[in-house]
>>> print(open('protein-v3.cif').read())   # mmCIF, C-alpha atoms
data_run
loop_
_atom_site.group_PDB
_atom_site.id
_atom_site.type_symbol
_atom_site.label_atom_id
_atom_site.label_comp_id
_atom_site.auth_asym_id
_atom_site.auth_seq_id
_atom_site.Cartn_x
_atom_site.Cartn_y
_atom_site.Cartn_z
ATOM 1 C CA MET A 1 30.427 -24.332 -32.119
ATOM 2 C CA ALA A 2 32.339 -27.510 -31.209
ATOM 3 C CA THR A 3 36.127 -27.574 -31.619
ATOM 4 C CA ASN A 4 37.883 -30.449 -33.423
ATOM 5 C CA GLY A 5 38.944 -31.845 -30.066
ATOM 6 C CA GLU A 6 35.386 -31.753 -28.750
ATOM 7 C CA GLU A 7 34.111 -33.449 -31.920
ATOM 8 C CA GLN A 8 36.726 -36.205 -31.599
ATOM 9 C CA GLN A 9 35.870 -36.678 -27.920
ATOM 10 C CA SER A 10 32.169 -36.878 -28.796
ATOM 11 C CA GLN A 11 32.879 -39.451 -31.521
ATOM 12 C CA ALA A 12 35.038 -41.492 -29.154
ATOM 13 C CA GLY A 13 32.294 -41.502 -26.547
ATOM 14 C CA ARG A 14 29.732 -42.619 -29.096
ATOM 15 C CA HIS A 15 32.015 -45.317 -30.379
ATOM 16 C CA GLN A 16 32.759 -46.752 -26.944
ATOM 17 C CA GLU A 17 29.079 -47.111 -26.095
ATOM 18 C CA VAL A 18 27.940 -50.734 -26.040
ATOM 19 C CA GLY A 19 25.306 -50.678 -28.737
ATOM 20 C CA HIS A 20 27.326 -48.960 -31.464
ATOM 21 C CA LYS A 21 26.765 -50.518 -34.902
ATOM 22 C CA SER A 22 30.391 -50.536 -36.075
ATOM 23 C CA LEU A 23 32.991 -52.664 -34.327
ATOM 24 C CA LEU A 24 36.013 -50.948 -35.865
ATOM 25 C CA GLN A 25 38.393 -48.722 -33.905
ATOM 26 C CA SER A 26 36.776 -45.494 -35.042
ATOM 27 C CA ASP A 27 33.869 -44.095 -37.013
ATOM 28 C CA ALA A 28 36.393 -42.452 -39.361
ATOM 29 C CA LEU A 29 38.017 -45.799 -40.179
ATOM 30 C CA TYR A 30 34.637 -47.382 -40.922
ATOM 31 C CA GLN A 31 33.687 -44.400 -43.104
ATOM 32 C CA TYR A 32 36.970 -44.832 -45.001
ATOM 33 C CA ILE A 33 36.055 -48.433 -45.855
ATOM 34 C CA LEU A 34 32.598 -47.394 -47.027
ATOM 35 C CA GLU A 35 33.780 -44.484 -49.154
ATOM 36 C CA THR A 36 36.860 -46.208 -50.598
ATOM 37 C CA SER A 37 35.683 -49.769 -51.181
ATOM 38 C CA VAL A 38 31.947 -50.179 -50.670
ATOM 39 C CA TYR A 39 30.007 -47.190 -52.016
ATOM 40 C CA PRO A 40 31.959 -46.826 -55.316
ATOM 41 C CA ARG A 41 31.074 -50.456 -56.193
ATOM 42 C CA GLU A 42 27.576 -50.616 -54.687
ATOM 43 C CA PRO A 43 24.977 -51.388 -57.381
ATOM 44 C CA GLU A 44 22.524 -48.536 -57.923
ATOM 45 C CA CYS A 45 19.578 -50.686 -56.823
ATOM 46 C CA MET A 46 21.279 -51.531 -53.516
ATOM 47 C CA LYS A 47 22.062 -47.868 -52.919
ATOM 48 C CA GLU A 48 18.412 -47.034 -53.568
ATOM 49 C CA LEU A 49 17.206 -49.719 -51.156
ATOM 50 C CA ARG A 50 19.705 -48.591 -48.523
ATOM 51 C CA GLU A 51 18.394 -45.035 -48.794
ATOM 52 C CA VAL A 52 14.767 -46.195 -48.604
ATOM 53 C CA THR A 53 15.571 -48.259 -45.509
ATOM 54 C CA ALA A 54 17.431 -45.367 -43.831
ATOM 55 C CA LYS A 55 14.107 -43.503 -43.578
ATOM 56 C CA HIS A 56 12.437 -46.385 -41.722
ATOM 57 C CA PRO A 57 12.204 -46.021 -37.914
ATOM 58 C CA TRP A 58 13.761 -49.474 -37.396
ATOM 59 C CA ASN A 59 16.679 -48.856 -39.776
ATOM 60 C CA ILE A 60 19.192 -50.229 -37.236
ATOM 61 C CA MET A 61 17.901 -53.684 -38.225
ATOM 62 C CA THR A 62 19.296 -53.457 -41.758
ATOM 63 C CA THR A 63 22.410 -55.244 -42.975
ATOM 64 C CA SER A 64 25.300 -52.808 -43.284
ATOM 65 C CA ALA A 65 26.587 -51.896 -46.748
ATOM 66 C CA ASP A 66 30.004 -53.495 -46.155
ATOM 67 C CA GLU A 67 28.349 -56.744 -45.067
ATOM 68 C CA GLY A 68 26.110 -56.648 -48.138
ATOM 69 C CA GLN A 69 29.207 -56.395 -50.322
ATOM 70 C CA PHE A 70 30.846 -59.261 -48.417
ATOM 71 C CA LEU A 71 27.799 -61.544 -48.800
ATOM 72 C CA ASN A 72 27.554 -60.787 -52.510
ATOM 73 C CA MET A 73 31.176 -61.793 -53.119
ATOM 74 C CA LEU A 74 30.980 -64.817 -50.812
ATOM 75 C CA LEU A 75 27.976 -66.233 -52.678
ATOM 76 C CA LYS A 76 29.803 -65.852 -55.987
ATOM 77 C CA LEU A 77 32.938 -67.530 -54.598
ATOM 78 C CA ILE A 78 31.002 -70.620 -53.481
ATOM 79 C CA ASN A 79 28.796 -70.644 -56.617
ATOM 80 C CA ALA A 80 25.647 -70.623 -54.486
ATOM 81 C CA LYS A 81 22.404 -71.307 -56.303
ATOM 82 C CA ASN A 82 19.861 -72.577 -53.763
ATOM 83 C CA THR A 83 19.754 -70.286 -50.732
ATOM 84 C CA MET A 84 17.623 -69.342 -47.727
ATOM 85 C CA GLU A 85 17.295 -66.184 -45.654
ATOM 86 C CA ILE A 86 15.654 -66.013 -42.233
ATOM 87 C CA GLY A 87 14.924 -62.422 -41.281
ATOM 88 C CA VAL A 88 14.452 -60.186 -44.310
ATOM 89 C CA TYR A 89 13.420 -56.729 -43.049
ATOM 90 C CA THR A 90 13.400 -54.493 -46.154
ATOM 91 C CA GLY A 91 15.604 -56.865 -48.136
ATOM 92 C CA TYR A 92 19.086 -55.318 -48.409
ATOM 93 C CA SER A 93 20.947 -58.602 -47.787
ATOM 94 C CA LEU A 94 18.260 -60.383 -49.813
ATOM 95 C CA LEU A 95 18.981 -58.129 -52.794
ATOM 96 C CA ALA A 96 22.734 -58.695 -52.361
ATOM 97 C CA THR A 97 22.047 -62.436 -52.543
ATOM 98 C CA ALA A 98 19.631 -62.221 -55.470
ATOM 99 C CA LEU A 99 22.188 -60.241 -57.499
ATOM 100 C CA ALA A 100 24.924 -62.789 -56.735
ATOM 101 C CA ILE A 101 23.188 -66.068 -57.570
ATOM 102 C CA PRO A 102 22.539 -67.199 -61.175
ATOM 103 C CA GLU A 103 19.405 -66.384 -63.154
ATOM 104 C CA ASP A 104 17.794 -69.713 -62.201
ATOM 105 C CA GLY A 105 18.916 -69.453 -58.555
ATOM 106 C CA LYS A 106 16.375 -69.492 -55.723
ATOM 107 C CA ILE A 107 16.026 -67.844 -52.317
ATOM 108 C CA LEU A 108 13.510 -68.988 -49.723
ATOM 109 C CA ALA A 109 13.023 -65.788 -47.698
ATOM 110 C CA MET A 110 11.130 -65.751 -44.407
ATOM 111 C CA ASP A 111 10.073 -62.903 -42.141
ATOM 112 C CA ILE A 112 7.226 -62.213 -39.725
ATOM 113 C CA ASN A 113 6.597 -58.797 -41.309
ATOM 114 C CA ARG A 114 5.488 -58.630 -44.965
ATOM 115 C CA GLU A 115 5.016 -54.858 -44.760
ATOM 116 C CA ASN A 116 8.754 -54.262 -44.295
ATOM 117 C CA TYR A 117 9.578 -56.630 -47.171
ATOM 118 C CA GLU A 118 7.117 -54.851 -49.440
ATOM 119 C CA LEU A 119 8.826 -51.553 -48.672
ATOM 120 C CA GLY A 120 11.898 -52.794 -50.523
ATOM 121 C CA LEU A 121 10.104 -54.994 -53.066
ATOM 122 C CA PRO A 122 9.688 -52.298 -55.770
ATOM 123 C CA VAL A 123 13.480 -51.829 -55.782
ATOM 124 C CA ILE A 124 14.029 -55.601 -55.971
ATOM 125 C CA GLU A 125 11.542 -55.845 -58.846
ATOM 126 C CA LYS A 126 13.195 -52.955 -60.689
ATOM 127 C CA ALA A 127 16.532 -54.772 -60.324
ATOM 128 C CA GLY A 128 14.996 -57.728 -62.199
ATOM 129 C CA VAL A 129 15.647 -60.359 -59.536
ATOM 130 C CA ALA A 130 12.245 -60.732 -57.809
ATOM 131 C CA HIS A 131 11.593 -64.007 -59.665
ATOM 132 C CA LYS A 132 14.396 -65.646 -57.681
ATOM 133 C CA ILE A 133 12.651 -64.987 -54.353
ATOM 134 C CA GLU A 134 9.947 -67.032 -52.625
ATOM 135 C CA PHE A 135 8.774 -64.975 -49.655
ATOM 136 C CA LYS A 136 6.951 -66.608 -46.744
ATOM 137 C CA GLU A 137 5.394 -64.444 -44.042
ATOM 138 C CA GLY A 138 5.402 -65.806 -40.508
ATOM 139 C CA PRO A 139 7.707 -67.629 -38.072
ATOM 140 C CA ALA A 140 10.422 -69.684 -39.747
ATOM 141 C CA LEU A 141 10.624 -72.584 -37.272
ATOM 142 C CA PRO A 142 7.323 -74.272 -38.300
ATOM 143 C CA VAL A 143 8.364 -73.994 -41.967
ATOM 144 C CA LEU A 144 11.753 -75.546 -41.222
ATOM 145 C CA ASP A 145 10.095 -78.376 -39.252
ATOM 146 C CA LEU A 146 7.842 -79.183 -42.211
ATOM 147 C CA MET A 147 10.814 -79.163 -44.597
ATOM 148 C CA ILE A 148 12.741 -81.574 -42.380
ATOM 149 C CA GLU A 149 9.692 -83.809 -41.991
ATOM 150 C CA ASP A 150 9.238 -83.856 -45.764
ATOM 151 C CA GLY A 151 12.735 -85.263 -46.217
ATOM 152 C CA LYS A 152 13.432 -83.999 -49.743
ATOM 153 C CA TYR A 153 15.094 -80.773 -48.548
ATOM 154 C CA HIS A 154 17.853 -82.424 -46.522
ATOM 155 C CA GLY A 155 21.277 -81.211 -47.641
ATOM 156 C CA THR A 156 19.900 -79.109 -50.506
ATOM 157 C CA TYR A 157 20.917 -75.564 -49.545
ATOM 158 C CA ASP A 158 24.217 -74.021 -50.632
ATOM 159 C CA PHE A 159 23.926 -71.011 -48.343
ATOM 160 C CA ILE A 160 21.632 -69.927 -45.494
ATOM 161 C CA PHE A 161 21.728 -66.469 -43.892
ATOM 162 C CA VAL A 162 20.159 -65.855 -40.470
ATOM 163 C CA ASP A 163 19.471 -62.341 -39.219
ATOM 164 C CA ALA A 164 16.356 -62.728 -37.099
ATOM 165 C CA ASP A 165 15.277 -63.291 -33.473
ATOM 166 C CA LYS A 166 18.494 -63.962 -31.565
ATOM 167 C CA ASP A 167 16.671 -65.960 -28.869
ATOM 168 C CA ASN A 168 15.892 -68.588 -31.528
ATOM 169 C CA TYR A 169 19.327 -68.819 -33.174
ATOM 170 C CA ILE A 170 20.075 -72.091 -31.381
ATOM 171 C CA ASN A 171 16.719 -73.499 -32.495
ATOM 172 C CA TYR A 172 17.413 -72.434 -36.070
ATOM 173 C CA HIS A 173 20.819 -74.092 -36.006
ATOM 174 C CA LYS A 174 19.385 -77.427 -34.859
ATOM 175 C CA ARG A 175 17.253 -77.462 -38.008
ATOM 176 C CA LEU A 176 19.431 -75.697 -40.560
ATOM 177 C CA ILE A 177 22.326 -78.093 -40.078
ATOM 178 C CA GLU A 178 20.029 -80.726 -41.627
ATOM 179 C CA LEU A 179 19.083 -78.540 -44.593
ATOM 180 C CA VAL A 180 22.462 -77.128 -45.652
ATOM 181 C CA LYS A 181 24.543 -79.399 -47.863
ATOM 182 C CA VAL A 182 27.905 -80.830 -46.813
ATOM 183 C CA GLY A 183 30.349 -78.115 -47.886
ATOM 184 C CA GLY A 184 27.601 -75.494 -47.737
ATOM 185 C CA LEU A 185 27.543 -72.434 -45.482
ATOM 186 C CA ILE A 186 25.276 -71.014 -42.793
ATOM 187 C CA GLY A 187 25.899 -67.384 -41.854
ATOM 188 C CA TYR A 188 24.694 -66.118 -38.468
ATOM 189 C CA ASP A 189 24.564 -62.332 -38.229
ATOM 190 C CA ASN A 190 25.171 -60.178 -35.122
ATOM 191 C CA THR A 191 27.367 -62.736 -33.348
ATOM 192 C CA LEU A 192 29.487 -59.977 -31.768
ATOM 193 C CA TRP A 193 26.266 -58.236 -30.749
ATOM 194 C CA ASN A 194 27.399 -54.605 -30.659
ATOM 195 C CA GLY A 195 30.540 -55.631 -28.781
ATOM 196 C CA SER A 196 28.455 -56.613 -25.762
ATOM 197 C CA VAL A 197 29.825 -60.187 -25.797
ATOM 198 C CA VAL A 198 32.941 -58.930 -23.986
ATOM 199 C CA ALA A 199 31.322 -56.146 -21.957
ATOM 200 C CA PRO A 200 31.185 -56.372 -18.154
ATOM 201 C CA PRO A 201 27.699 -57.057 -16.740
ATOM 202 C CA ASP A 202 27.356 -53.496 -15.416
ATOM 203 C CA ALA A 203 28.343 -51.810 -18.709
ATOM 204 C CA PRO A 204 25.801 -49.324 -20.116
ATOM 205 C CA MET A 205 23.758 -51.137 -22.780
ATOM 206 C CA ARG A 206 20.607 -50.461 -24.702
ATOM 207 C CA LYS A 207 17.760 -52.562 -23.349
ATOM 208 C CA TYR A 208 17.457 -54.819 -26.406
ATOM 209 C CA VAL A 209 21.233 -55.367 -26.479
ATOM 210 C CA ARG A 210 21.232 -56.529 -22.860
ATOM 211 C CA TYR A 211 18.172 -58.753 -23.398
ATOM 212 C CA TYR A 212 19.611 -60.739 -26.332
ATOM 213 C CA ARG A 213 23.243 -60.788 -25.181
ATOM 214 C CA ASP A 214 23.033 -64.128 -23.329
ATOM 215 C CA PHE A 215 21.365 -65.812 -26.320
ATOM 216 C CA VAL A 216 24.198 -64.665 -28.596
ATOM 217 C CA LEU A 217 26.799 -65.899 -26.087
ATOM 218 C CA GLU A 218 25.003 -69.261 -25.924
ATOM 219 C CA LEU A 219 25.014 -69.569 -29.713
ATOM 220 C CA ASN A 220 28.715 -68.702 -30.016
ATOM 221 C CA LYS A 221 29.609 -71.328 -27.420
ATOM 222 C CA ALA A 222 27.457 -73.964 -29.145
ATOM 223 C CA LEU A 223 28.878 -73.257 -32.620
ATOM 224 C CA ALA A 224 32.454 -73.473 -31.330
ATOM 225 C CA ALA A 225 31.706 -76.934 -29.889
ATOM 226 C CA ASP A 226 29.709 -78.342 -32.850
ATOM 227 C CA PRO A 227 31.784 -81.081 -34.565
ATOM 228 C CA ARG A 228 29.566 -81.017 -37.668
ATOM 229 C CA ILE A 229 30.890 -77.620 -38.769
ATOM 230 C CA GLU A 230 34.005 -75.539 -39.325
ATOM 231 C CA ILE A 231 33.527 -71.945 -38.195
ATOM 232 C CA CYS A 232 34.954 -68.503 -38.868
ATOM 233 C CA MET A 233 33.817 -65.457 -36.885
ATOM 234 C CA LEU A 234 34.376 -62.216 -38.774
ATOM 235 C CA PRO A 235 34.206 -58.627 -37.452
ATOM 236 C CA VAL A 236 32.171 -57.486 -40.462
ATOM 237 C CA GLY A 237 29.119 -55.352 -39.683
ATOM 238 C CA ASP A 238 27.989 -56.449 -36.227
ATOM 239 C CA GLY A 239 29.889 -59.727 -36.482
ATOM 240 C CA ILE A 240 29.038 -62.659 -38.729
ATOM 241 C CA THR A 241 29.900 -66.300 -38.030
ATOM 242 C CA LEU A 242 30.232 -68.573 -41.045
ATOM 243 C CA CYS A 243 29.604 -72.268 -40.452
ATOM 244 C CA ARG A 244 30.715 -74.752 -43.115
ATOM 245 C CA ARG A 245 29.036 -78.123 -42.753
ATOM 246 C CA ILE A 246 31.614 -80.895 -42.897
ATOM 247 C CA LYS A 247 29.448 -83.918 -41.954
#
>>> encode(input="protein-v3.cif", output="structure tokens")
Amino acid sequence: MATNGEEQQSQAGRHQEVGHKSLLQSDALYQYILETSVYPREPECMKELREVTAKHPWNIMTTSADEGQFLNMLLKLINAKNTMEIGVYTGYSLLATALAIPEDGKILAMDINRENYELGLPVIEKAGVAHKIEFKEGPALPVLDLMIEDGKYHGTYDFIFVDADKDNYINYHKRLIELVKVGGLIGYDNTLWNGSVVAPPDAPMRKYVRYYRDFVLELNKALAADPRIEICMLPVGDGITLCRRIK
């Protein structure tokens, strides 16, 4: 049986690994936030969806509960009504958004995998917010290109959340900056990428972390230099960068 010291050492080792989900100082501190602030206020439907998603083999892809709470409050603060989400998975962040926007609010949700979305759909339907969601299966870039070509969608979105293929984040940004309104927000998830953005090249990393790391670094550099936006990078979840369009 492990002693307390051995358990702490094991936790520390896990936490220092590049690829750990939480970016806080310790697992215990993150657990404190969840148990004190997040879980007591988490809507029952979001808890149910979180538990459904936890059983999925790709559950690391889900939005964390603290980030879901943050997005829900953020959307209410900016009075978002017309929103978009690229990368849905089972829909935890989508549900957080749907609960936050008004009854006549809309979310254009895009993902290459309908099966994952349909895993969470019964929970979303039970929550009474499915009517706010228009789900499109397939790559988002061709859809965005058609919207820009159409012309009527320019500057119409209050909030856009991106949690999808990191190697296309730059390509998404080139298009989304046209679609979000002046004063509106784009949120890019995973911009601290498991802490790997400051890791030395020879640090131990999971294969997928190492593969996407350079794309995340490229995005962060581009966002910092983009004069069309104000930015704020937050250490929530795996890092989220908020971009407010100013022109």
>>> residues_around(input="protein-v3.cif", residues="Glu118 in chain A", least_positions_apart="4", cutoff="9 Å", atoms="only C-alpha atoms", output="ChimeraX atom specification")
/A:90-91,114,122
>>> atom_distance(input="protein-v3.cif", atom1="CA of Ala222 in chain A", atom2="CA of Tyr208 in chain A")
21.8 Å
>>> residues_around(input="protein-v3.cif", residues="Ile246 in chain A", least_positions_apart="6", cutoff="6 Å", atoms="only C-alpha atoms", output="PDB file with C-alpha atoms, in the coordinates of the input")
ATOM      1  CA  VAL A 182      27.905 -80.830 -46.813  1.00  0.00           C
ATOM      2  CA  GLY A 183      30.349 -78.115 -47.886  1.00  0.00           C
ATOM      3  CA  ARG A 228      29.566 -81.017 -37.668  1.00  0.00           C
ATOM      4  CA  ILE A 229      30.890 -77.620 -38.769  1.00  0.00           C
TER       5      ILE A 229
END
>>> atom_distance(input="protein-v3.cif", atom1="CA of Tyr153 in chain A", atom2="CA of Glu178 in chain A")
8.5 Å
>>> residues_around(input="protein-v3.cif", residues="Leu121 in chain A", least_positions_apart="5", cutoff="12 Å", atoms="all atoms listed in the file", output="list in words")
Cys45, Met46, Glu48, Leu49, Val52, Thr53, Val88, Tyr89, Thr90, Gly91, Tyr92, Leu94, Leu95, Arg114, Glu115, Asn116, Lys126, Ala127, Gly128, Val129, Ala130, His131, Ile133 and Phe135 of chain A
>>> closest_residue(input="protein-v3.cif", among="A:Leu176, A:Ile86, A:Leu99, A:Ile160", to="Ile148 in chain A", atoms="only C-alpha atoms")
A:Leu176
>>> resolve_selection(input="protein-v3.cif", expression="the PyMOL selection byres ((chain A and resi 167) around 12)", output="list of chain:residue names")
A:Asp163, A:Ala164, A:Asp165, A:Lys166, A:Asn168, A:Tyr169, A:Ile170, A:Asn171, A:Tyr172, A:His173, A:Tyr208, A:Val209, A:Tyr211, A:Tyr212, A:Arg213, A:Asp214, A:Phe215, A:Val216, A:Leu217, A:Glu218, A:Leu219
>>> axis_aligned_box(input="protein-v3.cif", around="range 166-182 of chain A", padding_each_side="6 Å", output="JSON")
{"center_x": 21.9, "center_y": -72.4, "center_z": -38.4, "size_x": 24.0, "size_y": 28.9, "size_z": 31.0}
>>> atom_distance(input="protein-v3.cif", atom1="CA of Gly68 in chain A", atom2="CA of Ile112 in chain A")
21.4 Å
>>> resolve_selection(input="protein-v3.cif", expression="the PyMOL selection byres ((chain A and resi 188) around 7)", output="CSV table (one decimal) with C-alpha atoms, in the coordinates of the input")
chain,number,residue,atom,x,y,z
A,161,PHE,CA,21.7,-66.5,-43.9
A,162,VAL,CA,20.2,-65.9,-40.5
A,163,ASP,CA,19.5,-62.3,-39.2
A,186,ILE,CA,25.3,-71.0,-42.8
A,187,GLY,CA,25.9,-67.4,-41.9
A,189,ASP,CA,24.6,-62.3,-38.2
A,190,ASN,CA,25.2,-60.2,-35.1
A,191,THR,CA,27.4,-62.7,-33.3
A,240,ILE,CA,29.0,-62.7,-38.7
A,241,THR,CA,29.9,-66.3,-38.0
A,242,LEU,CA,30.2,-68.6,-41.0
>>> closest_residue(input="protein-v3.cif", among="A:Gly155, A:Gly105, A:Pro200, A:Gly120", to="Arg175 in chain A", atoms="all atoms listed in the file")
A:Gly155
>>> closest_residue(input="protein-v3.cif", among="A:Leu185, A:Leu29, A:Leu34, A:Leu146", to="Asn79 in chain A", atoms="all atoms listed in the file")
A:Leu185
>>> closest_residue(input="protein-v3.cif", among="A:Lys247, A:Lys81, A:Arg210, A:Lys152", to="Pro227 in chain A", atoms="all atoms listed in the file")
A:Lys247
>>> resolve_selection(input="protein-v3.cif", expression="the PyMOL selection byres ((chain A and resi 237) around 8)", output="list in words")
Lys21, Ser22, Leu23, Thr63, Ser64, Asp66, Glu67, Asn190, Pro235, Val236, Asp238, Gly239 and Ile240 of chain A
>>> closest_residue(input="protein-v3.cif", among="A:Asn194, A:Phe70, A:Thr62, A:Ile231", to="Arg206 in chain A", atoms="all atoms listed in the file")
A:Asn194
>>> closest_residue(input="protein-v3.cif", among="A:Phe159, A:His154, A:Lys47, A:Ala54", to="Leu74 in chain A", atoms="only C-alpha atoms")
A:Phe159
>>> residues_around(input="protein-v3.cif", residues="Glu134 in chain A", least_positions_apart="3", cutoff="7 Å", atoms="only C-alpha atoms", output="ChimeraX atom specification")
/A:107-109
>>> build_atoms(input="protein-v3.cif", residues="range 151-172 of chain A", atoms="N, CA and C atoms", output="compact mmCIF listing (two decimals), in the coordinates of the input")
# COMPACT_ATOMS: atom_id res chain seq x y z
N GLY A 151 11.59 -84.43 -45.87
CA GLY A 151 12.74 -85.26 -46.22
C GLY A 151 13.47 -84.85 -47.48
N LYS A 152 12.79 -84.27 -48.45
CA LYS A 152 13.43 -84.00 -49.74
C LYS A 152 14.34 -82.76 -49.72
N TYR A 153 14.29 -82.00 -48.62
CA TYR A 153 15.09 -80.77 -48.55
C TYR A 153 16.42 -80.97 -47.81
N HIS A 154 16.63 -82.16 -47.28
CA HIS A 154 17.85 -82.42 -46.52
C HIS A 154 19.09 -82.22 -47.40
N GLY A 155 20.01 -81.41 -46.92
CA GLY A 155 21.28 -81.21 -47.64
C GLY A 155 21.14 -80.56 -49.00
N THR A 156 20.13 -79.70 -49.18
CA THR A 156 19.90 -79.11 -50.51
C THR A 156 20.31 -77.64 -50.62
N TYR A 157 20.63 -76.99 -49.50
CA TYR A 157 20.92 -75.56 -49.54
C TYR A 157 22.42 -75.28 -49.58
N ASP A 158 22.81 -74.41 -50.50
CA ASP A 158 24.22 -74.02 -50.63
C ASP A 158 24.60 -72.99 -49.57
N PHE A 159 23.64 -72.10 -49.27
CA PHE A 159 23.93 -71.01 -48.34
C PHE A 159 22.65 -70.61 -47.61
N ILE A 160 22.76 -70.38 -46.31
CA ILE A 160 21.63 -69.93 -45.49
C ILE A 160 22.12 -68.76 -44.63
N PHE A 161 21.37 -67.66 -44.67
CA PHE A 161 21.73 -66.47 -43.89
C PHE A 161 20.66 -66.21 -42.84
N VAL A 162 21.09 -66.06 -41.58
CA VAL A 162 20.16 -65.86 -40.47
C VAL A 162 20.42 -64.50 -39.82
N ASP A 163 19.40 -63.64 -39.87
CA ASP A 163 19.47 -62.34 -39.22
C ASP A 163 18.08 -62.06 -38.66
N ALA A 164 17.72 -62.78 -37.62
CA ALA A 164 16.36 -62.73 -37.10
C ALA A 164 16.39 -62.69 -35.57
N ASP A 165 15.41 -63.31 -34.93
CA ASP A 165 15.28 -63.29 -33.47
C ASP A 165 16.41 -64.08 -32.82
N LYS A 166 17.27 -63.36 -32.12
CA LYS A 166 18.49 -63.96 -31.56
C LYS A 166 18.17 -65.05 -30.54
N ASP A 167 17.02 -64.95 -29.86
CA ASP A 167 16.67 -65.96 -28.87
C ASP A 167 16.30 -67.29 -29.51
N ASN A 168 16.19 -67.33 -30.83
CA ASN A 168 15.89 -68.59 -31.53
C ASN A 168 17.06 -69.09 -32.39
N TYR A 169 18.20 -68.41 -32.34
CA TYR A 169 19.33 -68.82 -33.17
C TYR A 169 19.71 -70.29 -32.94
N ILE A 170 19.73 -70.69 -31.69
CA ILE A 170 20.08 -72.09 -31.38
C ILE A 170 19.04 -73.03 -32.00
N ASN A 171 17.78 -72.67 -31.91
CA ASN A 171 16.72 -73.50 -32.49
C ASN A 171 16.82 -73.55 -34.02
N TYR A 172 17.20 -72.43 -34.62
CA TYR A 172 17.41 -72.43 -36.07
C TYR A 172 18.56 -73.38 -36.43
